[in-house]
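Chemist: Would you mind keeping the following structure in view while I ask a few things?
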Amino acid sequence: MTCEKCQKEQAALQEIILKHKGTPGALIPILHEAQNLYGYLPAEVLHEISKGLEMPEAEVYGVATFYSQFSLQKKGKYRINVCLGTACYVKGAQDVLDKFKLRLMIDVGECTDDGLFSLEACRCIGACGLAPVVTVNGEVYGRMTVDKVDEILDKYEALAASEKEAEEA
Amino acid sequence: MILENRKALNILRDQKHKEMALRLGEDFDPKDGGRMHILVCGVAGCHSAGSMGIYENLQKKIEENGLQSEIKLISTGCMGLCAQGPLMVTYPDEIMYTHVEPKDVEEIWNSHVMGGQPVERLFAAESDGTKIAHALKDHSFYSKQMKIALKNCGLIDPMDIEEYIGVEGYQALALCLNDMDPEDVIDTMKDAVLRGRGGAGFPLGIKWESAAREMAPVKYICCNADEGDPGAFMDRSILEGDPHSILEAMAIAGYACGAKQGYIYVRAEYPVAVERLGIAIKQAHEYGLLGKNEATALMASIEGKRGEPRPKPPRSTEKGLFDCPTVLNNVETFANVPQIILKGTDWFKGIGTEKSNGTKVFALGGKIENTGLVEVPMGTTLRDVVFEIGGGVPGHLAFKAAQTGGPSGGCITAEHLDTPLDFDSLTKLGTMMGSGGLIVMAEDSCMVDIAKFFLDFTVDESCGKCPPCRIGTKRMLDITKKITEGKGNMDDLDELEDLAQMIKTGALCGLGQSAPNPVVSTLQYFKDEYIAHVRDKKCPAGVCVSMLKYIIMAETCRKCGICAKNCPVGAISGDKNTPYVIDQDKCIKCGVCMSKCPFKSILKNA
Ligand SMILES: Cc1cc2nc3c(=O)[nH]c(=O)nc-3n(C[C@H](O)[C@H](O)[C@H](O)COP(=O)(O)O)c2cc1C
Ligand code: FES
């Protein structure tokens, strides 16, 4: 961890740990903030937290893996989240999820090799009126169908390509 | 602004009440609060469907025309009829608009706001297409509802404490602190018999009383906003639409039980609720309505440990959070408290059934016309909720069952449509009230698949501490998976029943003990469907893909090869001279071939 960005993140992480250290129940808020900082919880970060809190690494790891909110895996540039709440499921969310898996060739919890898409499933985002529902980086797509999956992925692939072009130009 | 005393609170209330009078159906003077209030739903499905754009366009119109003092624009919590969102309502004429798009603002503004002529094409529709102008009063979705917990949702600005104060907010707390002893508060709650809305239905007054009896320097009041039913969103809606009602109720609980600290458990998936609670707490501090002692740890599993059950006793009212006496109540339960204090127990007991007082909020979902949030008196029949309020099953499909209680509950079949929805009637049918998810299933829903779905949820949620739950539910899931894949046999059905019994009696906590319910209930009412899966290898509802078969009809196949090219797993073979065929062992039933075949030569389940 020598690059400038890494050092900044490192400092921010220490600050987060110090801010909560000593209050009862500090671990979960720290994990939340660390995940906001890094996008996920890399192993080194869990190690730092355990050192900072003087808490066994196994306990930190235990809590981090217990709650589905925490991810130990890297996320894609576009984070796809398919709602598998009851209302969405009854209206065909599984087909939508399967279509994402098929087209991206990844499973839930994984990220495509090019780092563009990661796929997750969640339980009820409270938009049951629009079931089945999918979110991409928090943006909601309602009344999903298998065909709409292609539309959405095409859209984000095009977006990524044009961004890359702009960057290179 | 600190409200120094009750008098200051009342002065503010009277002033705000005057400003809000046109929204409350009372006489009003435009000098107080303008001539029109426009309320736009800013949460849940409406937000997702773009209600922000409506709000912004309206705001522009108001500013452009310099009408800030005449027309008030408010972003509210859930208005209920999510299926027809984005929703907006104008007051005092109470016109509800549905499916509003930002571009509709122009017409609404010119015709209605300026011209006094409401835009009929945006009125809420009944399932037969009739347009209803005053939907909040006249639409069948609303006319049978009765709102206590959701009273302010969709009516006030949840981010403005003064609006809450204007509709009698914090009056119940003031009444308790000034005119009632803690014992009086507890007696009132005991007399009202407010049963917990989180699922178990335990009377709140008794819980508060046992916490109050504990002699301990530190006690906690906790609010459970963690919806354990993956299709229920009423608690979140209350937090987003009326957060102060929860804070007020928790403060009342603190006074009654002698607790100085409160915690609200909100899940991280609900960032809006967390944000609004944060704002509400800050405002309540600023107005001097919450003391400085209350700590809040939103988004935290409070002790910072893995959430696992402990054996009882001690009960958590004796030894709960951080080993201190703790009162835990659900959001909806709390939302009832201030109104019971203000309106009295006779009023509350007059609503509902003999053993289930008051109302219950349900999240209607699944195969139903009017998806959304409804609140009805306990004892309303399932038929009324599904067919009157819910508008029935869309697409002329037959109603098959309603699932209540989520992963801990079971189903109610068509023959029980006249069951009154209250705690005890549902338990009698082998299901439960749960937190209020109500999912409608139609003839094209597979009951085995839904049982598998709920088991999948429980396996995910099982904390892993006790083997009956950790291993037993996993084993049940494996079996239901096998059945839905067409690989089950009749012995599997017996094993499911045995496992269910074992988990029910052996699991440590309520999650495990109730986890087999969806299987038990579907086996009880829909055994023939299980048998069709295992014996005939058929899914009568056509849901279980493994039992589907895609077949290329040799007679009509033009041998173009498009299907083979598109098959993601290379399951299709053939060439110019031989018709194409699908290797059923390789086929993953994705249906791509069928959708790509230009000659419609591929059939499903032929
Ligand atoms: C499997 C299971 C699921 C539960 N789901 C919820 C839930 O979604 N929301 C909730 O507030 N309580 C839920 N509870 C009940 C809580 O444990 C607790 O009893 C409740 O929040 C107490 O508040 P109340 O008495 O006001 O309902 C659940 C309990 C079990 C065993
Ligand atoms: S079940 Fe998907 S949004 Fe509620």
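We name chains A, B, ... following the order of the structure tokens; residues begin at 1 in each chain, and ligands are numbered from 1 as shown.
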Show me which residues sit within 8 Å of ligand 2 when counting only C-alpha atoms and all ligand atoms, and put them as a PDB file with N, CA, C and O atoms, in the first residue's frame.
Modeler:
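Output contents, as saved in result-v7.pdb:
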```pdb
ATOM      1  N   CYS A  83     -34.217  -8.055  -7.392  1.00  0.00           N
ATOM      2  CA  CYS A  83     -35.026  -8.278  -6.193  1.00  0.00           C
ATOM      3  C   CYS A  83     -35.657  -9.656  -6.248  1.00  0.00           C
ATOM      4  O   CYS A  83     -36.326  -9.999  -7.212  1.00  0.00           O
ATOM      5  N   LEU A  84     -35.409 -10.433  -5.205  1.00  0.00           N
ATOM      6  CA  LEU A  84     -36.052 -11.740  -5.079  1.00  0.00           C
ATOM      7  C   LEU A  84     -36.997 -11.737  -3.885  1.00  0.00           C
ATOM      8  O   LEU A  84     -37.157 -12.738  -3.190  1.00  0.00           O
ATOM      9  N   GLY A  85     -37.590 -10.589  -3.602  1.00  0.00           N
ATOM     10  CA  GLY A  85     -38.643 -10.536  -2.585  1.00  0.00           C
ATOM     11  C   GLY A  85     -39.850 -11.299  -3.108  1.00  0.00           C
ATOM     12  O   GLY A  85     -39.935 -11.609  -4.295  1.00  0.00           O
ATOM     13  N   THR A  86     -40.787 -11.598  -2.187  1.00  0.00           N
ATOM     14  CA  THR A  86     -41.901 -12.451  -2.582  1.00  0.00           C
ATOM     15  C   THR A  86     -42.692 -11.886  -3.748  1.00  0.00           C
ATOM     16  O   THR A  86     -43.013 -12.585  -4.702  1.00  0.00           O
ATOM     17  N   ALA A  87     -43.016 -10.587  -3.668  1.00  0.00           N
ATOM     18  CA  ALA A  87     -43.845  -9.987  -4.713  1.00  0.00           C
ATOM     19  C   ALA A  87     -43.151 -10.095  -6.069  1.00  0.00           C
ATOM     20  O   ALA A  87     -43.792 -10.400  -7.084  1.00  0.00           O
ATOM     21  N   CYS A  88     -41.857  -9.860  -6.084  1.00  0.00           N
ATOM     22  CA  CYS A  88     -41.112  -9.942  -7.338  1.00  0.00           C
ATOM     23  C   CYS A  88     -40.983 -11.391  -7.803  1.00  0.00           C
ATOM     24  O   CYS A  88     -41.100 -11.700  -8.974  1.00  0.00           O
ATOM     25  N   TYR A  89     -40.740 -12.283  -6.851  1.00  0.00           N
ATOM     26  CA  TYR A  89     -40.560 -13.694  -7.211  1.00  0.00           C
ATOM     27  C   TYR A  89     -41.808 -14.256  -7.865  1.00  0.00           C
ATOM     28  O   TYR A  89     -41.751 -14.910  -8.896  1.00  0.00           O
ATOM     29  N   ARG A 123     -33.655  -8.867  -1.142  1.00  0.00           N
ATOM     30  CA  ARG A 123     -35.031  -9.162  -0.746  1.00  0.00           C
ATOM     31  C   ARG A 123     -35.814  -7.870  -0.574  1.00  0.00           C
ATOM     32  O   ARG A 123     -35.526  -7.103   0.332  1.00  0.00           O
ATOM     33  N   CYS A 124     -36.768  -7.669  -1.401  1.00  0.00           N
ATOM     34  CA  CYS A 124     -37.703  -6.533  -1.337  1.00  0.00           C
ATOM     35  C   CYS A 124     -37.043  -5.179  -1.129  1.00  0.00           C
ATOM     36  O   CYS A 124     -36.539  -4.856  -0.061  1.00  0.00           O
ATOM     37  N   ILE A 125     -37.055  -4.379  -2.163  1.00  0.00           N
ATOM     38  CA  ILE A 125     -36.558  -3.019  -2.034  1.00  0.00           C
ATOM     39  C   ILE A 125     -37.730  -2.057  -1.835  1.00  0.00           C
ATOM     40  O   ILE A 125     -37.571  -0.847  -1.887  1.00  0.00           O
ATOM     41  N   GLY A 126     -38.925  -2.594  -1.622  1.00  0.00           N
ATOM     42  CA  GLY A 126     -40.072  -1.743  -1.313  1.00  0.00           C
ATOM     43  C   GLY A 126     -40.737  -1.133  -2.536  1.00  0.00           C
ATOM     44  O   GLY A 126     -41.550  -0.237  -2.415  1.00  0.00           O
ATOM     45  N   ALA A 127     -40.392  -1.629  -3.710  1.00  0.00           N
ATOM     46  CA  ALA A 127     -41.033  -1.121  -4.920  1.00  0.00           C
ATOM     47  C   ALA A 127     -41.912  -2.210  -5.520  1.00  0.00           C
ATOM     48  O   ALA A 127     -42.000  -2.362  -6.737  1.00  0.00           O
ATOM     49  N   CYS A 128     -42.585  -2.967  -4.636  1.00  0.00           N
ATOM     50  CA  CYS A 128     -43.354  -4.130  -5.065  1.00  0.00           C
ATOM     51  C   CYS A 128     -44.393  -3.771  -6.125  1.00  0.00           C
ATOM     52  O   CYS A 128     -44.788  -4.612  -6.927  1.00  0.00           O
ATOM     53  N   GLY A 129     -44.846  -2.520  -6.116  1.00  0.00           N
ATOM     54  CA  GLY A 129     -45.825  -2.081  -7.105  1.00  0.00           C
ATOM     55  C   GLY A 129     -45.282  -2.177  -8.517  1.00  0.00           C
ATOM     56  O   GLY A 129     -46.033  -2.212  -9.481  1.00  0.00           O
ATOM     57  N   LEU A 130     -43.959  -2.215  -8.636  1.00  0.00           N
ATOM     58  CA  LEU A 130     -43.328  -2.272  -9.956  1.00  0.00           C
ATOM     59  C   LEU A 130     -42.767  -3.661 -10.244  1.00  0.00           C
ATOM     60  O   LEU A 130     -42.007  -3.848 -11.178  1.00  0.00           O
ATOM     61  N   ALA A 131     -43.108  -4.648  -9.428  1.00  0.00           N
ATOM     62  CA  ALA A 131     -42.495  -5.978  -9.524  1.00  0.00           C
ATOM     63  C   ALA A 131     -42.659  -6.575 -10.927  1.00  0.00           C
ATOM     64  O   ALA A 131     -43.688  -6.349 -11.553  1.00  0.00           O
ATOM     65  N   PRO A 132     -41.657  -7.359 -11.370  1.00  0.00           N
ATOM     66  CA  PRO A 132     -40.346  -7.577 -10.740  1.00  0.00           C
ATOM     67  C   PRO A 132     -39.382  -6.405 -10.988  1.00  0.00           C
ATOM     68  O   PRO A 132     -39.434  -5.776 -12.019  1.00  0.00           O
ATOM     69  N   VAL A 133     -38.522  -6.198 -10.000  1.00  0.00           N
ATOM     70  CA  VAL A 133     -37.694  -5.003  -9.984  1.00  0.00           C
ATOM     71  C   VAL A 133     -36.201  -5.359 -10.000  1.00  0.00           C
ATOM     72  O   VAL A 133     -35.778  -6.307  -9.363  1.00  0.00           O
TER      73      VAL A 133
ATOM     74  N   PRO B 230     -39.868 -10.973   3.202  1.00  0.00           N
ATOM     75  CA  PRO B 230     -39.283 -10.322   2.034  1.00  0.00           C
ATOM     76  C   PRO B 230     -40.305  -9.832   1.027  1.00  0.00           C
ATOM     77  O   PRO B 230     -40.097  -9.945  -0.156  1.00  0.00           O
ATOM     78  N   GLY B 231     -41.417  -9.299   1.437  1.00  0.00           N
ATOM     79  CA  GLY B 231     -42.372  -8.766   0.482  1.00  0.00           C
ATOM     80  C   GLY B 231     -43.271  -7.819   1.234  1.00  0.00           C
ATOM     81  O   GLY B 231     -44.317  -7.418   0.771  1.00  0.00           O
ATOM     82  N   ALA B 232     -42.821  -7.467   2.432  1.00  0.00           N
ATOM     83  CA  ALA B 232     -43.602  -6.571   3.276  1.00  0.00           C
ATOM     84  C   ALA B 232     -42.793  -5.308   3.452  1.00  0.00           C
ATOM     85  O   ALA B 232     -41.608  -5.367   3.706  1.00  0.00           O
ATOM     86  N   PHE B 233     -43.434  -4.173   3.283  1.00  0.00           N
ATOM     87  CA  PHE B 233     -42.663  -2.944   3.404  1.00  0.00           C
ATOM     88  C   PHE B 233     -43.429  -1.886   4.180  1.00  0.00           C
ATOM     89  O   PHE B 233     -43.230  -0.703   4.000  1.00  0.00           O
ATOM     90  N   GLY B 365     -49.441  -7.880  -2.567  1.00  0.00           N
ATOM     91  CA  GLY B 365     -48.543  -8.064  -3.702  1.00  0.00           C
ATOM     92  C   GLY B 365     -48.867  -9.333  -4.446  1.00  0.00           C
ATOM     93  O   GLY B 365     -49.814 -10.048  -4.120  1.00  0.00           O
TER      94      GLY B 365
END
```
Chemist: List every residue of chain B that has an atom at most 7 Å from any atom of ligand 1, giving for each one its closest atom pair and the distance in Å to one decimal, counting only C-alpha atoms and all ligand atoms, sorted by chain and then by ascending residue number, as JSON lines.
Modeler:
```
{"residue": "B:Arg195", "atom": "CA", "partner": "ligand 1", "partner_atom_place_in_ligand_line": "25 (O)", "distance": 6.6}
{"residue": "B:Gly196", "atom": "CA", "partner": "ligand 1", "partner_atom_place_in_ligand_line": "27 (O)", "distance": 3.3}
{"residue": "B:Arg197", "atom": "CA", "partner": "ligand 1", "partner_atom_place_in_ligand_line": "27 (O)", "distance": 4.3}
{"residue": "B:Gly198", "atom": "CA", "partner": "ligand 1", "partner_atom_place_in_ligand_line": "27 (O)", "distance": 3.2}
{"residue": "B:Gly199", "atom": "CA", "partner": "ligand 1", "partner_atom_place_in_ligand_line": "15 (C)", "distance": 5.3}
{"residue": "B:Ala200", "atom": "CA", "partner": "ligand 1", "partner_atom_place_in_ligand_line": "19 (O)", "distance": 5.7}
{"residue": "B:Gly201", "atom": "CA", "partner": "ligand 1", "partner_atom_place_in_ligand_line": "27 (O)", "distance": 5.9}
{"residue": "B:Phe202", "atom": "CA", "partner": "ligand 1", "partner_atom_place_in_ligand_line": "25 (O)", "distance": 5.2}
{"residue": "B:Pro203", "atom": "CA", "partner": "ligand 1", "partner_atom_place_in_ligand_line": "25 (O)", "distance": 6.8}
{"residue": "B:Leu204", "atom": "CA", "partner": "ligand 1", "partner_atom_place_in_ligand_line": "25 (O)", "distance": 6.1}
{"residue": "B:Asn224", "atom": "CA", "partner": "ligand 1", "partner_atom_place_in_ligand_line": "11 (O)", "distance": 4.6}
{"residue": "B:Ala225", "atom": "CA", "partner": "ligand 1", "partner_atom_place_in_ligand_line": "11 (O)", "distance": 5.7}
{"residue": "B:Asp226", "atom": "CA", "partner": "ligand 1", "partner_atom_place_in_ligand_line": "9 (N)", "distance": 5.5}
{"residue": "B:Glu227", "atom": "CA", "partner": "ligand 1", "partner_atom_place_in_ligand_line": "8 (O)", "distance": 3.5}
{"residue": "B:Gly228", "atom": "CA", "partner": "ligand 1", "partner_atom_place_in_ligand_line": "8 (O)", "distance": 3.4}
{"residue": "B:Asp229", "atom": "CA", "partner": "ligand 1", "partner_atom_place_in_ligand_line": "8 (O)", "distance": 5.2}
{"residue": "B:Leu328", "atom": "CA", "partner": "ligand 1", "partner_atom_place_in_ligand_line": "22 (C)", "distance": 5.2}
{"residue": "B:Asn329", "atom": "CA", "partner": "ligand 1", "partner_atom_place_in_ligand_line": "23 (O)", "distance": 3.3}
{"residue": "B:Asn330", "atom": "CA", "partner": "ligand 1", "partner_atom_place_in_ligand_line": "26 (O)", "distance": 3.8}
{"residue": "B:Val331", "atom": "CA", "partner": "ligand 1", "partner_atom_place_in_ligand_line": "11 (O)", "distance": 6.4}
{"residue": "B:Thr333", "atom": "CA", "partner": "ligand 1", "partner_atom_place_in_ligand_line": "26 (O)", "distance": 4.8}
{"residue": "B:Phe334", "atom": "CA", "partner": "ligand 1", "partner_atom_place_in_ligand_line": "26 (O)", "distance": 6.9}
{"residue": "B:Ser408", "atom": "CA", "partner": "ligand 1", "partner_atom_place_in_ligand_line": "1 (C)", "distance": 5.6}
{"residue": "B:Gly434", "atom": "CA", "partner": "ligand 1", "partner_atom_place_in_ligand_line": "5 (N)", "distance": 6.8}
{"residue": "B:Ser435", "atom": "CA", "partner": "ligand 1", "partner_atom_place_in_ligand_line": "8 (O)", "distance": 5.3}
{"residue": "B:Cys509", "atom": "CA", "partner": "ligand 1", "partner_atom_place_in_ligand_line": "31 (C)", "distance": 6.4}
{"residue": "B:Gly510", "atom": "CA", "partner": "ligand 1", "partner_atom_place_in_ligand_line": "31 (C)", "distance": 3.4}
{"residue": "B:Leu511", "atom": "CA", "partner": "ligand 1", "partner_atom_place_in_ligand_line": "1 (C)", "distance": 3.4}
{"residue": "B:Gly512", "atom": "CA", "partner": "ligand 1", "partner_atom_place_in_ligand_line": "1 (C)", "distance": 7.0}
{"residue": "B:Ser514", "atom": "CA", "partner": "ligand 1", "partner_atom_place_in_ligand_line": "1 (C)", "distance": 6.2}
```
Chemist: Please compute the CA of Ile582 in chain B-CA of Lys537 in chain B distance, one decimal, in Å.
Modeler: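 Going from CA of Ile582 in chain B over to CA of Lys537 in chain B covers 19.3 Å.
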Chemist: Find the spatial neighbours of Ser71 in chain A, counting only C-alpha atoms, within a cut-off of 8 Å - ignore same-chain residues fewer than 3 positions away - and output them as a ChimeraX atom specification.
Modeler: /A:35,40-41,64-65,68,74
Chemist: So, with only C-alpha atoms as the atoms that count, which of B:Val218, B:Leu364, B:Ala507, B:Ile206 lies closest to chain A?
Modeler: B:Leu364
Chemist: Which neighbours of Ser445 in chain B fall inside 8 Å, counting only C-alpha atoms, when residues of the same chain fewer than 2 positions from it are skipped, and could you give them as a PyMOL selection string?
Modeler: (chain A and resi 90) or (chain B and resi 400+441-443+447+450+541+543)
Chemist: Step one, run DSSP on the backbone; step two, keep only residues of range 72-142 of chain A assigned to helix (DSSP H, G or I); then write them as a list in words.
Modeler: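 Across range 72-142 of chain A, those assigned helix (DSSP H, G or I) are Thr86, Ala87, Cys88, Tyr89, Val90, Ala93, Gln94, Asp95, Val96, Leu97, Asp98, Lys99, Phe100, Lys101, Leu102, Arg103, Leu104, Cys128, Gly129 and Leu130 of chain A.
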Chemist: Would you kindly return, as a list in words, each protein, DNA or RNA residue with an atom no farther than 6 Å from any atom of range 114-121 of chain A, considering only C-alpha atoms and excluding same-chain residues fewer than 3 positions away?
Modeler: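 Using only C-alpha atoms, the neighbours found are Lys75, Gly76, Lys77, Tyr78, Arg79, Ile80, Asn81, Val82, Cys83, Val108, Gly109, Glu110 and Cys111 of chain A.
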Chemist: Go ahead and write the residues just picked, C-alpha atoms, as a compact mmCIF listing (two decimals), in the first residue's frame.
Modeler:
```txt
# COMPACT_ATOMS: atom_id res chain seq x y z
CA LYS A 75 -18.05 -5.22 -7.13
CA GLY A 76 -18.38 -4.29 -10.79
CA LYS A 77 -18.56 -0.80 -12.26
CA TYR A 78 -22.27 -1.48 -12.69
CA ARG A 79 -23.78 -3.31 -9.75
CA ILE A 80 -26.87 -5.22 -10.77
CA ASN A 81 -29.27 -6.17 -8.02
CA VAL A 82 -32.25 -8.39 -8.77
CA CYS A 83 -35.03 -8.28 -6.19
CA VAL A 108 -24.83 -14.28 -7.98
CA GLY A 109 -22.05 -12.65 -5.94
CA GLU A 110 -19.62 -12.61 -8.84
CA CYS A 111 -18.16 -9.96 -11.09
```
Chemist: Could you pull out the strand (DSSP E) residues of range 107-192 of chain B from DSSP and send them as a ChimeraX atom specification?
Modeler: /B:124-125,131-132
Chemist: Measure the distance from CA of Asp444 in chain B to CA of Asp585 in chain B in Å and round it to one decimal.
Modeler: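 Those two atoms sit 26.0 Å apart.
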